[in-house]
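Step one of this worksheet: look at the structure below.
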Amino acid sequence: MSQIFGQITVEELSQRLAEATTERLQLVDVREPHEVELASLPGFAIFSLSEFATWSTEIDDRLDRDTETLVLCHHGVRSAQMCHWLSDRGFTNVKNIIGGIDAYAMVVDRTIPRY
(Lines give C-alpha, C1' and ligand atoms only; values in the text may rest on other atoms or scores of the structure.)
Protein backbone atom coordinates (compact mmCIF):
# COMPACT_ATOMS: atom_id res chain seq x y z
CA MET A 1 0.00 0.00 0.00
CA SER A 2 1.41 3.37 -0.96
CA GLN A 3 1.44 6.10 1.65
CA ILE A 4 -0.90 8.97 0.88
CA PHE A 5 0.42 11.34 3.53
CA GLY A 6 3.77 12.73 4.62
CA GLN A 7 5.81 12.25 7.72
CA ILE A 8 7.72 14.58 9.99
CA THR A 9 10.34 13.75 12.63
CA VAL A 10 10.11 15.04 16.17
CA GLU A 11 13.21 17.15 15.53
CA GLU A 12 11.48 18.76 12.54
CA LEU A 13 8.35 19.24 14.65
CA SER A 14 10.38 21.03 17.31
CA GLN A 15 11.83 23.38 14.67
CA ARG A 16 8.39 24.04 13.19
CA LEU A 17 6.88 24.78 16.62
CA ALA A 18 9.67 27.28 17.31
CA GLU A 19 9.03 29.17 14.05
CA ALA A 20 6.83 32.23 13.94
CA THR A 21 4.74 30.64 11.17
CA THR A 22 3.01 28.07 13.37
CA GLU A 23 -0.29 29.86 12.79
CA ARG A 24 -0.18 28.27 9.33
CA LEU A 25 -0.20 24.81 10.92
CA GLN A 26 -3.06 22.68 12.18
CA LEU A 27 -1.87 20.61 15.11
CA VAL A 28 -3.97 17.53 15.90
CA ASP A 29 -3.54 15.12 18.83
CA VAL A 30 -5.59 11.91 18.58
CA ARG A 31 -4.74 10.51 22.01
CA GLU A 32 -7.22 9.94 24.80
CA PRO A 33 -7.90 12.69 27.38
CA HIS A 34 -6.10 10.78 30.15
CA GLU A 35 -3.00 10.51 27.91
CA VAL A 36 -3.08 14.23 27.15
CA GLU A 37 -3.23 14.92 30.90
CA LEU A 38 -0.04 12.90 31.36
CA ALA A 39 1.94 14.56 28.57
CA SER A 40 1.08 17.16 25.97
CA LEU A 41 2.41 19.82 23.64
CA PRO A 42 0.85 23.30 23.49
CA GLY A 43 -1.30 24.26 20.56
CA PHE A 44 -2.62 20.81 19.65
CA ALA A 45 -6.36 20.33 19.19
CA ILE A 46 -7.59 17.09 20.74
CA PHE A 47 -9.49 14.71 18.45
CA SER A 48 -9.48 11.50 20.49
CA LEU A 49 -10.06 8.53 18.22
CA SER A 50 -12.43 6.96 20.77
CA GLU A 51 -14.67 10.03 20.28
CA PHE A 52 -14.58 9.78 16.47
CA ALA A 53 -18.37 9.62 16.20
CA THR A 54 -18.63 12.90 18.11
CA TRP A 55 -16.25 15.03 16.06
CA SER A 56 -15.94 13.32 12.64
CA THR A 57 -19.03 14.96 11.15
CA GLU A 58 -17.67 18.40 12.14
CA ILE A 59 -14.12 17.94 10.83
CA ASP A 60 -14.66 20.20 7.81
CA ASP A 61 -15.88 22.97 10.11
CA ARG A 62 -12.94 22.60 12.48
CA LEU A 63 -10.02 22.02 10.10
CA ASP A 64 -9.03 23.44 6.73
CA ARG A 65 -8.35 20.83 4.03
CA ASP A 66 -5.42 22.73 2.50
CA THR A 67 -3.59 23.88 5.64
CA GLU A 68 -0.60 21.79 6.68
CA THR A 69 -1.85 19.37 9.34
CA LEU A 70 0.54 17.61 11.75
CA VAL A 71 -0.94 14.65 13.63
CA LEU A 72 0.37 13.33 16.97
CA CYS A 73 -0.31 10.27 19.13
CA HIS A 74 1.74 8.20 21.58
CA HIS A 75 3.97 6.31 19.12
CA GLY A 76 2.71 7.19 15.64
CA VAL A 77 0.21 4.39 14.92
CA ARG A 78 -3.08 6.09 15.74
CA SER A 79 -1.87 9.31 14.16
CA ALA A 80 -1.14 7.38 10.96
CA GLN A 81 -4.74 6.12 11.03
CA MET A 82 -5.96 9.70 11.35
CA CYS A 83 -3.67 10.81 8.51
CA HIS A 84 -5.17 8.12 6.26
CA TRP A 85 -8.70 9.20 7.19
CA LEU A 86 -7.97 12.90 6.64
CA SER A 87 -6.30 12.17 3.29
CA ASP A 88 -9.31 10.10 2.24
CA ARG A 89 -11.51 13.12 3.11
CA GLY A 90 -9.54 15.36 0.76
CA PHE A 91 -6.99 16.92 3.10
CA THR A 92 -4.00 17.74 0.91
CA ASN A 93 -1.10 18.36 3.30
CA VAL A 94 -1.23 15.86 6.17
CA LYS A 95 1.87 14.64 8.04
CA ASN A 96 2.26 11.95 10.67
CA ILE A 97 4.66 12.76 13.53
CA ILE A 98 7.03 9.77 13.56
CA GLY A 99 7.38 8.21 17.02
CA GLY A 100 4.71 10.41 18.57
CA ILE A 101 4.98 12.22 21.85
CA ASP A 102 7.10 9.39 23.27
CA ALA A 103 9.86 10.10 20.74
CA TYR A 104 9.45 13.84 21.35
CA ALA A 105 9.96 13.26 25.08
CA MET A 106 13.06 11.11 24.47
CA VAL A 107 14.73 13.20 21.76
CA VAL A 108 13.55 16.80 22.03
CA ASP A 109 12.23 17.60 25.50
CA ARG A 110 13.10 15.28 28.37
CA THR A 111 10.88 17.27 30.75
CA ILE A 112 7.79 15.79 29.07
CA PRO A 113 6.71 12.72 31.04
CA ARG A 114 6.88 9.36 29.30
CA TYR A 115 4.15 6.79 29.86
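In the C-alpha coordinates, the first chain shown is A, the next is B, and so on; residue numbers restart at 1 for each chain, and ligands run from 1 in the order shown.
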Give me the residues near A:Gln7 as a short mmCIF file (atom, residue, chain, number, x, y, z; two decimals) with all heavy atoms, in the first residue's frame, where near means some atom within 12 Å (using only C-alpha atoms) and where sequence neighbours in that chain fewer than 5 positions away do not count.
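Wrote selection32.cif, looks like this:
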```
data_model
loop_
_atom_site.label_atom_id
_atom_site.label_comp_id
_atom_site.auth_asym_id
_atom_site.auth_seq_id
_atom_site.Cartn_x
_atom_site.Cartn_y
_atom_site.Cartn_z
N GLU A 12 12.10 17.80 13.47
CA GLU A 12 11.48 18.76 12.54
C GLU A 12 10.28 19.43 13.19
O GLU A 12 10.07 20.64 13.02
CB GLU A 12 11.05 18.05 11.25
CG GLU A 12 12.20 17.58 10.40
CD GLU A 12 11.76 16.65 9.28
OE1 GLU A 12 10.87 15.79 9.50
OE2 GLU A 12 12.33 16.78 8.18
N LEU A 13 9.49 18.66 13.94
CA LEU A 13 8.35 19.24 14.65
C LEU A 13 8.81 20.32 15.61
O LEU A 13 8.23 21.42 15.65
CB LEU A 13 7.58 18.15 15.41
CG LEU A 13 6.47 18.66 16.33
CD1 LEU A 13 5.37 19.36 15.54
CD2 LEU A 13 5.91 17.51 17.16
N GLU A 68 -1.46 22.88 6.22
CA GLU A 68 -0.60 21.79 6.68
C GLU A 68 -1.08 21.29 8.04
O GLU A 68 -1.26 22.08 8.98
CB GLU A 68 0.85 22.25 6.77
CG GLU A 68 1.81 21.13 7.13
CD GLU A 68 3.26 21.55 7.11
OE1 GLU A 68 3.55 22.77 6.98
OE2 GLU A 68 4.11 20.66 7.23
N THR A 69 -1.29 19.99 8.14
CA THR A 69 -1.85 19.37 9.34
C THR A 69 -0.87 18.33 9.87
O THR A 69 -0.54 17.38 9.18
CB THR A 69 -3.21 18.71 9.02
OG1 THR A 69 -4.07 19.69 8.42
CG2 THR A 69 -3.85 18.14 10.26
N LEU A 70 -0.39 18.53 11.10
CA LEU A 70 0.54 17.61 11.75
C LEU A 70 -0.22 16.84 12.81
O LEU A 70 -0.90 17.43 13.65
CB LEU A 70 1.70 18.38 12.37
CG LEU A 70 2.44 19.35 11.46
CD1 LEU A 70 3.57 20.04 12.21
CD2 LEU A 70 2.95 18.66 10.21
N VAL A 71 -0.12 15.50 12.77
CA VAL A 71 -0.94 14.65 13.63
C VAL A 71 -0.04 13.87 14.60
O VAL A 71 0.92 13.23 14.19
CB VAL A 71 -1.82 13.70 12.81
CG1 VAL A 71 -2.77 12.93 13.71
CG2 VAL A 71 -2.61 14.47 11.75
N LEU A 72 -0.41 13.90 15.88
CA LEU A 72 0.37 13.33 16.97
C LEU A 72 -0.43 12.26 17.72
O LEU A 72 -1.64 12.40 17.90
CB LEU A 72 0.73 14.46 17.96
CG LEU A 72 1.49 14.09 19.22
CD1 LEU A 72 2.95 13.79 18.88
CD2 LEU A 72 1.42 15.24 20.22
N GLY A 76 2.81 6.95 17.06
CA GLY A 76 2.71 7.19 15.64
C GLY A 76 1.76 6.28 14.89
O GLY A 76 1.58 6.44 13.68
N SER A 79 -1.97 8.10 14.99
CA SER A 79 -1.87 9.31 14.16
C SER A 79 -1.80 8.95 12.68
O SER A 79 -2.36 9.67 11.84
CB SER A 79 -0.68 10.17 14.58
OG SER A 79 0.52 9.43 14.60
N ALA A 80 -1.16 7.84 12.35
CA ALA A 80 -1.14 7.38 10.96
C ALA A 80 -2.55 7.03 10.49
O ALA A 80 -2.92 7.34 9.35
CB ALA A 80 -0.21 6.19 10.79
N CYS A 83 -4.21 10.24 9.76
CA CYS A 83 -3.67 10.81 8.51
C CYS A 83 -4.33 10.15 7.30
O CYS A 83 -4.69 10.83 6.34
CB CYS A 83 -2.15 10.62 8.46
SG CYS A 83 -1.25 11.72 9.57
N HIS A 84 -4.48 8.83 7.35
CA HIS A 84 -5.17 8.12 6.26
C HIS A 84 -6.59 8.65 6.11
O HIS A 84 -7.04 8.95 5.00
CB HIS A 84 -5.21 6.61 6.53
CG HIS A 84 -4.02 5.88 6.08
ND1 HIS A 84 -3.71 5.65 4.76
CD2 HIS A 84 -3.02 5.29 6.80
CE1 HIS A 84 -2.60 4.98 4.68
NE2 HIS A 84 -2.15 4.75 5.89
N ASN A 93 -2.44 18.18 2.75
CA ASN A 93 -1.10 18.36 3.30
C ASN A 93 -1.06 17.84 4.74
O ASN A 93 -0.96 18.60 5.69
CB ASN A 93 -0.70 19.84 3.24
CG ASN A 93 0.77 20.05 3.51
OD1 ASN A 93 1.53 19.12 3.72
ND2 ASN A 93 1.17 21.31 3.51
N VAL A 94 -1.16 16.52 4.87
CA VAL A 94 -1.23 15.86 6.17
C VAL A 94 0.10 15.15 6.44
O VAL A 94 0.63 14.48 5.56
CB VAL A 94 -2.39 14.84 6.20
CG1 VAL A 94 -2.45 14.12 7.53
CG2 VAL A 94 -3.71 15.52 5.89
N LYS A 95 0.61 15.29 7.67
CA LYS A 95 1.87 14.64 8.04
C LYS A 95 1.74 13.95 9.39
O LYS A 95 1.27 14.54 10.36
CB LYS A 95 3.01 15.65 8.08
CG LYS A 95 3.33 16.21 6.72
CD LYS A 95 4.45 17.21 6.76
CE LYS A 95 4.67 17.77 5.36
NZ LYS A 95 5.39 19.03 5.41
N ASN A 96 2.22 12.72 9.44
CA ASN A 96 2.26 11.95 10.67
C ASN A 96 3.56 12.28 11.40
O ASN A 96 4.63 12.32 10.79
CB ASN A 96 2.21 10.45 10.34
CG ASN A 96 2.11 9.59 11.56
OD1 ASN A 96 1.56 9.99 12.58
ND2 ASN A 96 2.65 8.39 11.49
N ILE A 97 3.48 12.49 12.71
CA ILE A 97 4.66 12.76 13.53
C ILE A 97 5.24 11.41 13.95
O ILE A 97 4.66 10.70 14.76
CB ILE A 97 4.31 13.64 14.74
CG1 ILE A 97 3.73 14.97 14.24
CG2 ILE A 97 5.53 13.84 15.63
CD1 ILE A 97 3.08 15.81 15.32
N ILE A 98 6.39 11.08 13.36
CA ILE A 98 7.03 9.77 13.56
C ILE A 98 7.43 9.61 15.03
O ILE A 98 8.11 10.45 15.59
CB ILE A 98 8.27 9.62 12.66
CG1 ILE A 98 7.89 9.79 11.19
CG2 ILE A 98 8.94 8.28 12.89
CD1 ILE A 98 9.08 9.95 10.28
N GLY A 99 7.00 8.52 15.64
CA GLY A 99 7.38 8.21 17.02
C GLY A 99 6.51 8.86 18.07
O GLY A 99 6.62 8.54 19.25
N GLY A 100 5.66 9.80 17.66
CA GLY A 100 4.71 10.41 18.57
C GLY A 100 5.34 11.20 19.71
O GLY A 100 6.52 11.54 19.70
#
```
Need the shell around A:Arg110: protein/DNA/RNA residues with any atom at most 12 Å away, counting only C-alpha atoms. Skip same-chain ones fewer than 5 positions apart. Format as a tab-separated table (two decimals) with N, CA, C and O atoms, in the first residue's frame?
```
chain	number	residue	atom	x	y	z
A	39	ALA	N	0.90	13.91	29.36
A	39	ALA	CA	1.94	14.56	28.57
A	39	ALA	C	1.30	15.22	27.36
A	39	ALA	O	0.50	14.59	26.67
A	101	ILE	N	4.52	11.43	20.71
A	101	ILE	CA	4.98	12.22	21.85
A	101	ILE	C	6.05	11.48	22.65
A	101	ILE	O	6.89	12.09	23.30
A	102	ASP	N	6.06	10.16	22.57
A	102	ASP	CA	7.10	9.39	23.27
A	102	ASP	C	8.47	9.72	22.69
A	102	ASP	O	9.42	9.97	23.44
A	103	ALA	N	8.59	9.74	21.38
A	103	ALA	CA	9.86	10.10	20.74
A	103	ALA	C	10.22	11.55	21.04
A	103	ALA	O	11.38	11.89	21.28
A	104	TYR	N	9.21	12.43	21.04
A	104	TYR	CA	9.45	13.84	21.35
A	104	TYR	C	10.04	13.97	22.75
A	104	TYR	O	10.99	14.72	22.97
A	105	ALA	N	9.48	13.22	23.69
A	105	ALA	CA	9.96	13.26	25.08
A	105	ALA	C	11.38	12.70	25.21
A	105	ALA	O	12.16	13.16	26.03
```
- Message: Calculated over only C-alpha atoms, which of the candidates A:Gln81, A:Ser87, A:Ser50, A:Ser14 has the smallest distance to A:Asp66?
- Response: A:Ser87
- Message: Could you tell me how far atom CA of A:Asp64 sits from atom CA of A:Val108, in Å to one decimal place?
- Response: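 According to the coordinates, atom CA of A:Val108 and atom CA of A:Asp64 are separated by 28.1 Å.
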- Who sits within 9 Å of stretch 24-36 of chain A, only C-alpha atoms, same chain under 2 positions skipped, as a VMD selection string: chain A and resid 16 21 to 22 38 to 41 43 to 51 63 to 64 67 to 74 78 to 79 82 115
- Task: Mind listing the strand (DSSP E) residues of stretch 1-65 of chain A, per DSSP on the backbone, as a list in words?
- Result: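 Here are the strand (DSSP E) residues of stretch 1-65 of chain A: Gly6, Gln7, Ile8, Leu25, Gln26, Leu27, Val28, Asp29, Ala45 and Ile46 of chain A.
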- Note on the structure: Separating atom CA of A:Arg65 from atom CA of A:Gly90, to the nearest tenth of an Å, is a gap of 6.5 Å
- Query: When you draw a straight line from atom CA of A:Ile8 to atom CA of A:Ala53, how long is it in Å?
  - Reply: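 The value is 27.3 Å.
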- Considering only C-alpha atoms, state which residue in the set A:Phe52, A:Asp61, A:Val107, A:Gln15 is at the smallest distance from A:Trp85.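 Using only C-alpha atoms, the shortest distance to A:Trp85 belongs to A:Phe52.
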